[in-house]
Amino acid sequence: MNDLLLVGLNYRTAPLEIREKISFSEKGLDQYLHALQQVSGVNEGMILSTCNRVEIYAATANPEESGGKIKDFIARQHHVPSKSFGDMLYVLHGKDVVRHVLRVASSLDSMVVGEPQILGQIKEAYQTAHSNRTTGLVLNKLMRTALSVAKKVRSETSIGNRAVSVSFVAVELAKRIFGDLAEREVLIVGAGEMCELAGQHLVRGGIRKVLVTNRTWERAIELAERFHGEAVPFTDLSSALLRVDIVLSSTGSPDFILRKKEVGTIIKTRKNRPLFFIDVAVPRDIDPRVNTVDNVYLYDIDDLQEVAEANLKGRQQEAQKAEAIVSVEVEKFCRWSQSQNVIPVIVSLKDRFEGIREKELQKTLAALPGLSDKEKNALENLTAASKRFKEE
Amino acid sequence: MYVAFFKITLIFYLLGTISYLLFLVFSKPTLARVGRYLVGLGFLSHCLILSMRYVQAGHTPVVNLHESLSFFSWAVVGFFLLLRYRYQVDVLGAFVTPLALLLFIWAAVLPKEIFPLHPTLKSYWLPIHVTFAFLGNAIFAIAFCSGVIYLMQEYLVKSKRVGALSRRLPSLDALDGINARSLTIGFPLMTLGILTGAVWADYAWGAYWSWDPKETWSLITWLIYAALLHQRLMVGWRGKKAAIMAIVGFGAVLFTFLGVNLLMEGLHSYSQWVK
């Protein structure tokens with residue numbers, strides 16, 4: 001049986017400059033995988049390369065030696081001296097590999113714990129390796145376990161459904177007010193970085209259309225193009241407010257740009273269709289009293305931050321539950337792996353017994369010439385009986 | 001047999017309600033599914049109860065408090081199960097099933113004897129009038145529950161307490177949608193209930209409308225929902241105001257159904273209401 005080996009580095013051990021240098025591009029992955037298999041001792045291999053980690057999983061007959069060879073392999077493929085990243089690498093064996101892989105797949109090792117992307121990335125890395133036939137019995141079993149454990153963690157803990165970034169909180173809240181976002185439109189007022197980020201999240205959350213307005217018309221057009229949206233003149237702000245459902249505001253204005261009275265009129269004209277204001281500007285763009293208008297919801301940057309922090313705390317609790325699930329599954333995998341180790345031993349023992357029996361039988365028959373066929377058969381059967389014993 | 005089926009139904013509803021309440025607390029989808037199956041089984045057994053009673057009594061079983069409560073809770077559960085297909089808001093179950101369970105328990109503890117039918121009630125209008133009225137009531141019960149949840153969720157979002165509880169509740173839009181939908185189905189049913197009642201009253205008592213307490217209170221209830229419908233359609237009322245109106249309206253429904261019969265004397269109070 002081959003032992004599991006992991007060689008890799010991640011955001012915790014290596015800075016971005018190093019991670020970019022030794023990352024394996026998706027396009028060349030097929031070749032990298034074949035090159036990996038050429039590394040002596042490596043019987044099965046796969047490569048996981050994301051922006052936060054580069055990890056090579058292998059099943060090898062000689063883990064001590066292969067560790068160093070895989071390190072050389074990384075250096076060779078990227079034409080960088082192995083010294084430049086050698087200290088940042090972690091090399092894991094056996095059970096530690098299993099635990100690490102299950103934790104990575106369950107998003108427990110991610111920079112943002114619980115973020116869902118890593119599962120897809122692992123799935124893809126595995127599919128590529130599988131279709132290149134560089135995985136075998138051991139890695140297949142490991143990956144299938146990892147994917148099912150990740151699924152289990154997702155369904156049995158709420159680690160994944162808590163928004164921990166400000167812009168993601170905004171999307172969650174929008175969904176809590178509007179349900180599905182597919183029929184909703186958002187107006188971005190101002191063109192701060194924060195707005196752009198939250199806007200991207202809303203687009204990913206399924207929002208139908210993005211409108212952008214800005215005091216500088218060119219800037220509005222520029223941002224609108226990035227979202228495939230529509231630029232609106234700043235003077236038309238009020239009429240745009242009749243149309244959209246969500247307003248993301250981040251202007252540099254020293255004063256409020258919207259007050260309670262105006263919003264009250266707007267909401268009446270809208271026939272009370274709800275409006276969700278997300279004010280990420282400092283100083284604030286929207287009078288906080290706007291929140292008291294019926295069917296209007298206003299969150300400023302502090303509100304969003306507070307929600308995000310509370311969610312983060314909750315997520316840490318959920319992470320503990322997830323760790324417990326992972327531990328159980330690691331043990332299960334190791335039991336399976338041990339049972340795999342026993343089978344070849346039994347088979348080879350059987351072969352040796354059979355060899356000895358055969359040899360001794362021939363010797364005996366040679367020493368006893370003149371035996372009839374019937375007697376020879378009897379001897380054969382007698383010795384074969386020992387085979388049955390061994391099988392039992 | 002009849003009593004045995006009441007017990008079976010009660011157990012299903014009770015377990016279903018518990019399952020839904022646990023779902024509200026732990027937010028595990030399995031619990032909602034189990035709750036739905038249990039309530040569904042309870043509903044089937046409840047259907048049997050109504051058919052048995054129909055056969056035994058020889059008339060639609062809605063002429064005393066026991067029968068009416070049983071029929072009312074049956075309609076509430078039935079509509080909830082129907083609605084579940086359309087809206088997929090399981091959390092509503094944690095509010096609707098306790099209400100249906102309470103109505104059912106009340107029905108279960110009341111005397112169940114069958115009395116000879118009051119002569120004025122012997123008519124084809126009985127099932128028609130009462131069915132419309134109760135189906136309308138059942139839908140308004142669901143609008144009431146979704147109104148209560150709306151107020152909770154609205155309060156949580158406004159006051160920025162968007163933690164675990166808020167995460168479990170449906171979106172404001174979905175809840176308001178149920179309010180609107182309940183109104184557009186419930187209001188016509190209720191109107192039909194009152195109209196068929198008036199026609200039947202003309203046959204039975206010789207006058208379409210006699211300002212008997214039941215009639216007066218149904219009119220008040222009808223006016224509340226008519227006002228809500230009007231405000232929704234014409235003024236664009238929605239959200240909080242609509243939710244509050246649905247709650248007030250259901251208060252009027254309950255008073256028309258129970259209060260009038262328990263507290264007032266009138267043409268609608270037949271002999272065996274409360275014993």
# chains A, B, ... in the order shown; residues from 1 in each chain; ligands from 1

call {"tool": "interface_residues", "arguments": {"of": "chain B", "to": "chain A", "cutoff": "12 Å", "atoms": "only C-alpha atoms", "output": "ChimeraX atom specification"}}
result
/B:26-30,87,89,150-151,153-177,231-242

call {"tool": "residues_around", "arguments": {"residues": "B:Phe79", "least_positions_apart": "3", "cutoff": "9 Å", "atoms": "only C-alpha atoms", "output": "list in words"}}
result
Trp74, Ala75, Val76, Leu82, Leu83, Arg84, Leu135, Ala138, Ile139 and Ile142 of chain B

call {"tool": "select_by_dssp", "arguments": {"residues": "stretch 157-237 of chain A", "states": "strand (DSSP E)", "output": "list in words"}}
result
Glu185, Val186, Leu187, Ile188, Val189, Lys209, Val210, Leu211, Val212, Thr213, Asn214, Glu230, Ala231, Val232 and Pro233 of chain A

call {"tool": "write_last_selection", "arguments": {"atoms": "N, CA and C atoms", "output": "compact mmCIF listing (two decimals), in the first residue's frame"}}
result
# COMPACT_ATOMS: atom_id res chain seq x y z
N GLU A 185 -33.51 45.85 -8.89
CA GLU A 185 -32.47 46.70 -9.47
C GLU A 185 -31.77 47.47 -8.36
N VAL A 186 -30.51 47.77 -8.57
CA VAL A 186 -29.76 48.52 -7.57
C VAL A 186 -29.23 49.80 -8.20
N LEU A 187 -29.23 50.86 -7.40
CA LEU A 187 -28.65 52.13 -7.84
C LEU A 187 -27.41 52.39 -7.01
N ILE A 188 -26.29 52.55 -7.70
CA ILE A 188 -25.05 52.89 -7.00
C ILE A 188 -24.87 54.40 -7.07
N VAL A 189 -24.81 55.05 -5.92
CA VAL A 189 -24.63 56.49 -5.87
C VAL A 189 -23.20 56.77 -5.42
N LYS A 209 -30.35 44.35 -12.50
CA LYS A 209 -29.74 45.48 -13.19
C LYS A 209 -29.04 46.42 -12.23
N VAL A 210 -27.97 47.02 -12.71
CA VAL A 210 -27.22 47.99 -11.91
C VAL A 210 -27.31 49.36 -12.58
N LEU A 211 -27.76 50.36 -11.82
CA LEU A 211 -27.75 51.74 -12.29
C LEU A 211 -26.66 52.47 -11.52
N VAL A 212 -25.98 53.38 -12.20
CA VAL A 212 -24.91 54.12 -11.52
C VAL A 212 -25.12 55.61 -11.72
N THR A 213 -24.99 56.34 -10.63
CA THR A 213 -25.02 57.79 -10.78
C THR A 213 -23.85 58.39 -10.01
N ASN A 214 -23.34 59.52 -10.52
CA ASN A 214 -22.19 60.15 -9.90
C ASN A 214 -22.17 61.62 -10.31
N GLU A 230 -26.37 50.87 -16.34
CA GLU A 230 -26.84 52.07 -16.99
C GLU A 230 -26.41 53.27 -16.14
N ALA A 231 -25.84 54.28 -16.78
CA ALA A 231 -25.47 55.49 -16.05
C ALA A 231 -26.65 56.44 -16.02
N VAL A 232 -26.84 57.09 -14.86
CA VAL A 232 -27.96 58.02 -14.70
C VAL A 232 -27.38 59.35 -14.25
N PRO A 233 -27.81 60.49 -14.85
CA PRO A 233 -27.30 61.78 -14.41
C PRO A 233 -27.63 62.02 -12.93

call {"tool": "residues_around", "arguments": {"residues": "stretch 31-43 of chain A", "least_positions_apart": "3", "cutoff": "12 Å", "atoms": "only C-alpha atoms", "output": "ChimeraX atom specification"}}
result
/A:1-6,22-28,46-49,56-74,76-78,125-139

call {"tool": "write_last_selection", "arguments": {"atoms": "C-alpha atoms", "output": "PDB file, in the first residue's frame"}}
result
ATOM      1  CA  MET A   1       0.000   0.000   0.000  1.00  0.00           C
ATOM      2  CA  ASN A   2       1.200   3.495  -0.840  1.00  0.00           C
ATOM      3  CA  ASP A   3       1.540   6.111   1.861  1.00  0.00           C
ATOM      4  CA  LEU A   4      -0.091   9.500   1.566  1.00  0.00           C
ATOM      5  CA  LEU A   5       2.162  12.486   1.198  1.00  0.00           C
ATOM      6  CA  LEU A   6       1.353  16.164   0.986  1.00  0.00           C
ATOM      7  CA  ILE A  22       4.832  28.595  -7.908  1.00  0.00           C
ATOM      8  CA  SER A  23       1.131  28.364  -8.712  1.00  0.00           C
ATOM      9  CA  PHE A  24       0.188  25.793 -11.346  1.00  0.00           C
ATOM     10  CA  SER A  25      -1.860  27.359 -14.122  1.00  0.00           C
ATOM     11  CA  GLU A  26      -5.038  25.578 -15.091  1.00  0.00           C
ATOM     12  CA  LYS A  27      -4.028  25.445 -18.736  1.00  0.00           C
ATOM     13  CA  GLY A  28      -0.799  23.542 -18.150  1.00  0.00           C
ATOM     14  CA  MET A  46      -2.826  15.499  -7.900  1.00  0.00           C
ATOM     15  CA  ILE A  47      -2.298  19.245  -7.758  1.00  0.00           C
ATOM     16  CA  LEU A  48      -4.499  21.802  -6.022  1.00  0.00           C
ATOM     17  CA  SER A  49      -3.558  25.329  -6.991  1.00  0.00           C
ATOM     18  CA  ILE A  56       0.473  18.478  -4.110  1.00  0.00           C
ATOM     19  CA  TYR A  57      -1.132  15.261  -2.897  1.00  0.00           C
ATOM     20  CA  ALA A  58       0.627  12.008  -3.660  1.00  0.00           C
ATOM     21  CA  ALA A  59       0.516   8.341  -2.866  1.00  0.00           C
ATOM     22  CA  THR A  60       4.048   7.071  -2.759  1.00  0.00           C
ATOM     23  CA  ALA A  61       5.942   3.948  -1.857  1.00  0.00           C
ATOM     24  CA  ASN A  62       8.684   5.924  -0.220  1.00  0.00           C
ATOM     25  CA  PRO A  63       7.358   9.021   1.529  1.00  0.00           C
ATOM     26  CA  GLU A  64      10.670  10.181   3.044  1.00  0.00           C
ATOM     27  CA  GLU A  65      12.427  10.365  -0.258  1.00  0.00           C
ATOM     28  CA  SER A  66       9.473  11.594  -2.331  1.00  0.00           C
ATOM     29  CA  GLY A  67       8.973  14.676  -0.174  1.00  0.00           C
ATOM     30  CA  GLY A  68      12.262  16.161  -1.285  1.00  0.00           C
ATOM     31  CA  LYS A  69      11.726  15.062  -4.855  1.00  0.00           C
ATOM     32  CA  ILE A  70       8.352  16.777  -5.062  1.00  0.00           C
ATOM     33  CA  LYS A  71       9.967  19.928  -3.743  1.00  0.00           C
ATOM     34  CA  ASP A  72      12.524  19.712  -6.558  1.00  0.00           C
ATOM     35  CA  PHE A  73       9.679  19.065  -8.960  1.00  0.00           C
ATOM     36  CA  ILE A  74       7.989  22.311  -7.950  1.00  0.00           C
ATOM     37  CA  ARG A  76      11.924  22.671 -11.727  1.00  0.00           C
ATOM     38  CA  GLN A  77       8.470  23.329 -13.142  1.00  0.00           C
ATOM     39  CA  HIS A  78       8.555  26.989 -12.223  1.00  0.00           C
ATOM     40  CA  ALA A 125      -8.460  19.674  -9.298  1.00  0.00           C
ATOM     41  CA  TYR A 126      -9.577  16.127  -8.616  1.00  0.00           C
ATOM     42  CA  GLN A 127     -11.499  15.839 -11.881  1.00  0.00           C
ATOM     43  CA  THR A 128      -8.494  17.016 -13.854  1.00  0.00           C
ATOM     44  CA  ALA A 129      -6.218  14.517 -12.116  1.00  0.00           C
ATOM     45  CA  HIS A 130      -8.776  11.761 -12.466  1.00  0.00           C
ATOM     46  CA  SER A 131      -9.247  12.308 -16.178  1.00  0.00           C
ATOM     47  CA  ASN A 132      -5.461  12.300 -16.590  1.00  0.00           C
ATOM     48  CA  ARG A 133      -5.419   8.998 -14.697  1.00  0.00           C
ATOM     49  CA  THR A 134      -2.870  10.219 -12.216  1.00  0.00           C
ATOM     50  CA  THR A 135      -5.029   9.239  -9.255  1.00  0.00           C
ATOM     51  CA  GLY A 136      -5.548   5.666  -8.121  1.00  0.00           C
ATOM     52  CA  LEU A 137      -7.132   3.687  -5.327  1.00  0.00           C
ATOM     53  CA  VAL A 138      -5.778   5.816  -2.482  1.00  0.00           C
ATOM     54  CA  LEU A 139      -6.277   9.340  -3.811  1.00  0.00           C
TER      55      LEU A 139
END

call {"tool": "closest_residue", "arguments": {"among": "B:Gly78, B:Gly93, B:Pro61, B:Gly136", "to": "B:Phe250", "atoms": "only C-alpha atoms"}}
result
B:Gly136

call {"tool": "select_by_dssp", "arguments": {"residues": "stretch 40-260 of chain A", "states": "alpha helix (DSSP H)", "output": "ChimeraX atom specification"}}
result
/A:63-78,83-86,94-105,117-131,137-156,166-178,193-204,217-226,237-243,260

call {"tool": "residues_around", "arguments": {"residues": "stretch 203-205 of chain B", "least_positions_apart": "4", "cutoff": "10 Å", "atoms": "only C-alpha atoms", "output": "list in words"}}
result
Pro119, Thr120, Leu121, Lys122, Ser123, Trp125, Gly197, Ala198, Val199, Trp209, Ser210 and Leu267 of chain B

call {"tool": "write_last_selection", "arguments": {"atoms": "C-alpha atoms", "output": "PDB file, in the first residue's frame"}}
result
ATOM      1  CA  PRO B 119     -85.484  21.960  11.211  1.00  0.00           C
ATOM      2  CA  THR B 120     -84.315  25.277   9.738  1.00  0.00           C
ATOM      3  CA  LEU B 121     -80.899  23.779   9.042  1.00  0.00           C
ATOM      4  CA  LYS B 122     -82.249  20.963   6.889  1.00  0.00           C
ATOM      5  CA  SER B 123     -81.253  22.396   3.542  1.00  0.00           C
ATOM      6  CA  TRP B 125     -77.649  25.540   1.620  1.00  0.00           C
ATOM      7  CA  GLY B 197     -76.108  32.861   3.781  1.00  0.00           C
ATOM      8  CA  ALA B 198     -78.387  35.720   2.767  1.00  0.00           C
ATOM      9  CA  VAL B 199     -80.098  33.647   0.098  1.00  0.00           C
ATOM     10  CA  TRP B 209     -80.760  40.171   6.274  1.00  0.00           C
ATOM     11  CA  SER B 210     -82.094  40.472   9.834  1.00  0.00           C
ATOM     12  CA  LEU B 267     -80.781  33.342  15.053  1.00  0.00           C
TER      13      LEU B 267
END

call {"tool": "residues_around", "arguments": {"residues": "A:Gln200", "least_positions_apart": "2", "cutoff": "12 Å", "atoms": "only C-alpha atoms", "output": "PyMOL selection string"}}
result
chain A and resi 167-168+170-171+186+188+193-198+202-207+209-210+223-224+226-229+248

call {"tool": "closest_residue", "arguments": {"among": "B:Ile178, B:Thr216, B:Phe140, B:Asp202", "to": "B:Ala246", "atoms": "only C-alpha atoms"}}
result
B:Phe140

call {"tool": "closest_residue", "arguments": {"among": "B:His66, B:Arg53, B:Arg181, B:His118", "to": "B:Phe104", "atoms": "only C-alpha atoms"}}
result
B:His66

call {"tool": "atom_distance", "arguments": {"atom1": "atom CA of A:Val244", "atom2": "atom CA of A:His201"}}
result
16.8 Å

call {"tool": "residues_around", "arguments": {"residues": "A:Thr50", "least_positions_apart": "6", "cutoff": "12 Å", "atoms": "only C-alpha atoms", "output": "PyMOL selection string"}}
result
chain A and resi 8-11+16+19-20+22-26+56+104+110-111+117-122+124-125

call {"tool": "residues_around", "arguments": {"residues": "stretch 361-367 of chain A", "least_positions_apart": "5", "cutoff": "10 Å", "atoms": "only C-alpha atoms", "output": "list of chain:residue names"}}
result
A:Gly355, A:Ile356, A:Lys376, A:Leu379, A:Glu380, A:Thr383, A:Ala384
